[in-house]
Amino acid sequence: MVNCAIEVTGLRISRGGRLVVPDLALSVPAGQIVGMLGPSGGGKSTVMRAVVGVQRVEGGDIEVLGLPAGHPRLRQRVGYVTQAPSVYGDLTVGENVEHFARLLRVASPGRAASRAIDRVDLTSHAGARVDALSGGQRSRASLAAALVGDPELLVLDEPTVGLDPVLRRDLWDLFRGLADDGVTILVSSHVMDEAGRCDRLVLLREGEVLADDTPTHLLERTGAADAEGAFLALVEEAAA
């Protein structure tokens, strides 16, 4: 595995005629949980779309696992979970996850689907149609679909939105276990109390990186008590 899972330099992205990412540089170390935190509309989803190769960019370079973002050889190596559930409502959870396993040409797709569903604690709902699930359950079904190929890199766009505290804790425990096994995780959130679960934090505002540091160093640098306080302190520092 490469030492740096994601390397972004000089990234420029416009949407709707507006420059939303002016000149982004970002490095994501392999085998770590890197949290991209910031307010809604700050550019987190746009950057993630660029990393997985589904966002048109105006300039810059993005290297993912040693290859250009969006390269065909990355399809099985990178798992991506969007904010909106990306599974089919008229199929069951099991059918959905097995479908994605077959698309990725995973060996023993049925067995792989069962394992992925179990990892997100949806085994009891494997036979349920997705359109009959709660919002949180649909989000976990999407995560199972992303996990079924055993990716080296997981890109998760606000995966815990709408989940109760117990499920949020359980998912973060899953993320930590994956990272301990060598999987790199880039996860976005606007819930600042999730910051302490990350190995590294990228604070993003208006498409610009305010800070890229470990949670401990970030709090020491700003003198804040938590990630939200650190973010606000850095916003004030940038405006001064």
# chains A, B, ... in the order shown; residues from 1 in each chain; ligands from 1
call {"tool": "closest_atom_pairs", "arguments": {"of": "range 130-227 of chain A", "to": "range 91-111 of chain A", "cutoff": "12 Å", "atoms": "only C-alpha atoms", "output": "CSV"}}
result
residue,atom,partner,partner_atom,distance
A:Val130,CA,A:Thr92,CA,5.5
A:Asp131,CA,A:Leu91,CA,8.1
A:Ala132,CA,A:Thr92,CA,9.1
A:Leu133,CA,A:Val93,CA,9.3
A:Gln137,CA,A:Val93,CA,9.5
A:Arg138,CA,A:Val93,CA,8.5
A:Ser139,CA,A:Val93,CA,11.0
A:Arg140,CA,A:Val93,CA,9.6
A:Ala141,CA,A:Val93,CA,6.2
A:Ser142,CA,A:Val97,CA,8.2
A:Leu143,CA,A:Val97,CA,9.3
A:Ala144,CA,A:Val97,CA,6.6
A:Ala145,CA,A:Val97,CA,4.8
A:Ala146,CA,A:Phe100,CA,8.1
A:Leu147,CA,A:Val97,CA,9.0
A:Val148,CA,A:Ala101,CA,5.9
A:Gly149,CA,A:Val106,CA,6.3
A:Asp150,CA,A:Val106,CA,9.2
A:Pro151,CA,A:Leu104,CA,10.6
call {"tool": "closest_atom_pairs", "arguments": {"of": "range 72-188 of chain A", "to": "range 5-22 of chain A", "cutoff": "10 Å", "atoms": "only C-alpha atoms", "output": "JSON lines"}}
result
{"residue": "A:Glu152", "atom": "CA", "partner": "A:Ala5", "partner_atom": "CA", "distance": 8.8}
{"residue": "A:Leu153", "atom": "CA", "partner": "A:Ala5", "partner_atom": "CA", "distance": 7.5}
{"residue": "A:Val183", "atom": "CA", "partner": "A:Ala5", "partner_atom": "CA", "distance": 9.6}
{"residue": "A:Thr184", "atom": "CA", "partner": "A:Ala5", "partner_atom": "CA", "distance": 7.0}
{"residue": "A:Ile185", "atom": "CA", "partner": "A:Ala5", "partner_atom": "CA", "distance": 9.3}
{"residue": "A:Leu186", "atom": "CA", "partner": "A:Ile6", "partner_atom": "CA", "distance": 9.2}
call {"tool": "write_last_selection", "arguments": {"atoms": "N, CA and C atoms", "output": "tab-separated table (two decimals), in the first residue's frame"}}
result
chain	number	residue	atom	x	y	z
A	152	GLU	N	-9.74	-0.66	-0.34
A	152	GLU	CA	-8.59	-0.15	0.40
A	152	GLU	C	-8.85	1.26	0.90
A	153	LEU	N	-9.74	1.96	0.22
A	153	LEU	CA	-10.08	3.34	0.58
A	153	LEU	C	-11.59	3.48	0.62
A	183	VAL	N	-7.37	-0.12	6.19
A	183	VAL	CA	-8.22	0.63	5.26
A	183	VAL	C	-8.10	2.13	5.56
A	184	THR	N	-7.97	2.93	4.52
A	184	THR	CA	-7.96	4.38	4.67
A	184	THR	C	-9.39	4.89	4.57
A	185	ILE	N	-9.75	5.80	5.47
A	185	ILE	CA	-11.12	6.33	5.47
A	185	ILE	C	-11.07	7.85	5.44
A	186	LEU	N	-11.71	8.41	4.41
A	186	LEU	CA	-11.93	9.85	4.33
A	186	LEU	C	-13.41	10.07	4.58
call {"tool": "closest_atom_pairs", "arguments": {"of": "range 59-104 of chain A", "to": "range 30-46 of chain A", "cutoff": "12 Å", "atoms": "only C-alpha atoms", "output": "CSV"}}
result
residue,atom,partner,partner_atom,distance
A:Val64,CA,A:Ala30,CA,10.4
A:Leu65,CA,A:Ala30,CA,8.7
A:Gly66,CA,A:Ala30,CA,11.2
A:Tyr80,CA,A:Ser45,CA,11.4
A:Val81,CA,A:Ser45,CA,10.7
A:Thr82,CA,A:Ser45,CA,8.3
A:Gln83,CA,A:Ser45,CA,8.4
A:Ala84,CA,A:Ser45,CA,11.4
call {"tool": "closest_residue", "arguments": {"among": "A:Ala126, A:Leu24, A:Val187, A:Ala116", "to": "Trp172 in chain A", "atoms": "only C-alpha atoms"}}
result
A:Val187
call {"tool": "select_by_dssp", "arguments": {"residues": "range 55-240 of chain A", "states": "alpha helix (DSSP H)", "output": "number ranges by chain"}}
result
A: 93-103, 109-119, 135-147, 165-180, 215-222, 227-239
call {"tool": "write_last_selection", "arguments": {"atoms": "C-alpha atoms", "output": "PDB file, in the first residue's frame"}}
result
ATOM      1  CA  VAL A  93     -30.948  -5.192   1.149  1.00  0.00           C
ATOM      2  CA  GLY A  94     -29.418  -8.547   0.243  1.00  0.00           C
ATOM      3  CA  GLU A  95     -30.284  -8.181  -3.450  1.00  0.00           C
ATOM      4  CA  ASN A  96     -28.789  -4.702  -3.534  1.00  0.00           C
ATOM      5  CA  VAL A  97     -25.502  -5.641  -1.925  1.00  0.00           C
ATOM      6  CA  GLU A  98     -25.148  -8.816  -3.976  1.00  0.00           C
ATOM      7  CA  HIS A  99     -25.831  -6.774  -7.138  1.00  0.00           C
ATOM      8  CA  PHE A 100     -22.924  -4.467  -6.305  1.00  0.00           C
ATOM      9  CA  ALA A 101     -20.746  -7.480  -5.506  1.00  0.00           C
ATOM     10  CA  ARG A 102     -21.441  -8.876  -8.982  1.00  0.00           C
ATOM     11  CA  LEU A 103     -20.699  -5.500 -10.608  1.00  0.00           C
ATOM     12  CA  PRO A 109     -20.970 -12.539  -4.269  1.00  0.00           C
ATOM     13  CA  GLY A 110     -23.686 -13.990  -2.036  1.00  0.00           C
ATOM     14  CA  ARG A 111     -21.240 -14.765   0.757  1.00  0.00           C
ATOM     15  CA  ALA A 112     -19.540 -11.376   0.368  1.00  0.00           C
ATOM     16  CA  ALA A 113     -22.918  -9.608   0.508  1.00  0.00           C
ATOM     17  CA  SER A 114     -23.898 -11.435   3.708  1.00  0.00           C
ATOM     18  CA  ARG A 115     -20.599 -10.488   5.327  1.00  0.00           C
ATOM     19  CA  ALA A 116     -20.935  -6.806   4.371  1.00  0.00           C
ATOM     20  CA  ILE A 117     -24.536  -6.677   5.619  1.00  0.00           C
ATOM     21  CA  ASP A 118     -23.492  -8.225   8.917  1.00  0.00           C
ATOM     22  CA  ARG A 119     -20.699  -5.638   9.326  1.00  0.00           C
ATOM     23  CA  GLY A 135     -33.490   6.524   6.599  1.00  0.00           C
ATOM     24  CA  GLY A 136     -30.711   5.295   8.862  1.00  0.00           C
ATOM     25  CA  GLN A 137     -31.170   1.708   7.686  1.00  0.00           C
ATOM     26  CA  ARG A 138     -30.988   2.804   4.038  1.00  0.00           C
ATOM     27  CA  SER A 139     -27.746   4.627   4.822  1.00  0.00           C
ATOM     28  CA  ARG A 140     -26.308   1.453   6.334  1.00  0.00           C
ATOM     29  CA  ALA A 141     -27.424  -0.528   3.286  1.00  0.00           C
ATOM     30  CA  SER A 142     -25.447   1.917   1.132  1.00  0.00           C
ATOM     31  CA  LEU A 143     -22.429   1.422   3.375  1.00  0.00           C
ATOM     32  CA  ALA A 144     -22.739  -2.356   3.027  1.00  0.00           C
ATOM     33  CA  ALA A 145     -22.727  -1.946  -0.760  1.00  0.00           C
ATOM     34  CA  ALA A 146     -19.535   0.121  -0.498  1.00  0.00           C
ATOM     35  CA  LEU A 147     -17.883  -2.468   1.753  1.00  0.00           C
ATOM     36  CA  PRO A 165     -26.328   7.885  19.021  1.00  0.00           C
ATOM     37  CA  VAL A 166     -25.988   4.115  19.472  1.00  0.00           C
ATOM     38  CA  LEU A 167     -25.796   3.437  15.733  1.00  0.00           C
ATOM     39  CA  ARG A 168     -23.403   6.344  15.266  1.00  0.00           C
ATOM     40  CA  ARG A 169     -21.132   4.867  17.932  1.00  0.00           C
ATOM     41  CA  ASP A 170     -21.336   1.405  16.365  1.00  0.00           C
ATOM     42  CA  LEU A 171     -20.464   2.737  12.906  1.00  0.00           C
ATOM     43  CA  TRP A 172     -17.496   4.656  14.251  1.00  0.00           C
ATOM     44  CA  ASP A 173     -16.342   1.469  15.971  1.00  0.00           C
ATOM     45  CA  LEU A 174     -16.600  -0.238  12.566  1.00  0.00           C
ATOM     46  CA  PHE A 175     -14.596   2.552  10.924  1.00  0.00           C
ATOM     47  CA  ARG A 176     -11.882   2.213  13.579  1.00  0.00           C
ATOM     48  CA  GLY A 177     -11.723  -1.538  13.059  1.00  0.00           C
ATOM     49  CA  LEU A 178     -11.378  -1.062   9.301  1.00  0.00           C
ATOM     50  CA  ALA A 179      -8.588   1.489   9.787  1.00  0.00           C
ATOM     51  CA  ASP A 180      -6.816  -0.870  12.180  1.00  0.00           C
ATOM     52  CA  PRO A 215      -7.118  16.509  16.876  1.00  0.00           C
ATOM     53  CA  THR A 216      -4.679  16.912  19.789  1.00  0.00           C
ATOM     54  CA  HIS A 217      -2.397  19.358  17.971  1.00  0.00           C
ATOM     55  CA  LEU A 218      -5.356  21.305  16.638  1.00  0.00           C
ATOM     56  CA  LEU A 219      -6.723  21.895  20.128  1.00  0.00           C
ATOM     57  CA  GLU A 220      -3.253  22.798  21.426  1.00  0.00           C
ATOM     58  CA  ARG A 221      -2.726  25.238  18.568  1.00  0.00           C
ATOM     59  CA  THR A 222      -6.019  27.076  19.075  1.00  0.00           C
ATOM     60  CA  ALA A 227     -13.226  20.836  17.479  1.00  0.00           C
ATOM     61  CA  GLU A 228     -16.068  23.321  17.129  1.00  0.00           C
ATOM     62  CA  GLY A 229     -14.189  25.875  19.214  1.00  0.00           C
ATOM     63  CA  ALA A 230     -11.041  25.239  17.175  1.00  0.00           C
ATOM     64  CA  PHE A 231     -12.943  25.737  13.933  1.00  0.00           C
ATOM     65  CA  LEU A 232     -14.428  29.036  15.123  1.00  0.00           C
ATOM     66  CA  ALA A 233     -11.042  30.215  16.350  1.00  0.00           C
ATOM     67  CA  LEU A 234      -9.497  29.485  12.953  1.00  0.00           C
ATOM     68  CA  VAL A 235     -12.340  31.281  11.144  1.00  0.00           C
ATOM     69  CA  GLU A 236     -11.711  34.347  13.278  1.00  0.00           C
ATOM     70  CA  GLU A 237      -7.961  34.061  12.703  1.00  0.00           C
ATOM     71  CA  ALA A 238      -8.482  33.909   8.915  1.00  0.00           C
ATOM     72  CA  ALA A 239     -10.752  36.942   8.988  1.00  0.00           C
TER      73      ALA A 239
END
call {"tool": "select_by_dssp", "arguments": {"residues": "range 39-239 of chain A", "states": "strand (DSSP E)", "output": "ChimeraX atom specification"}}
result
/A:59-64,67-68,78-81,153-157,184-189,200-205,208-213
call {"tool": "closest_residue", "arguments": {"among": "A:Glu58, A:Asp23, A:Asp157, A:Asp226", "to": "Glu194 in chain A", "atoms": "only C-alpha atoms"}}
result
A:Asp226
call {"tool": "closest_residue", "arguments": {"among": "A:Arg129, A:Asp61, A:Asp164, A:Val52", "to": "Asp90 in chain A", "atoms": "only C-alpha atoms"}}
result
A:Arg129
call {"tool": "closest_residue", "arguments": {"among": "A:Ser124, A:Ser86, A:Glu206, A:Arg77", "to": "Pro159 in chain A", "atoms": "only C-alpha atoms"}}
result
A:Ser86
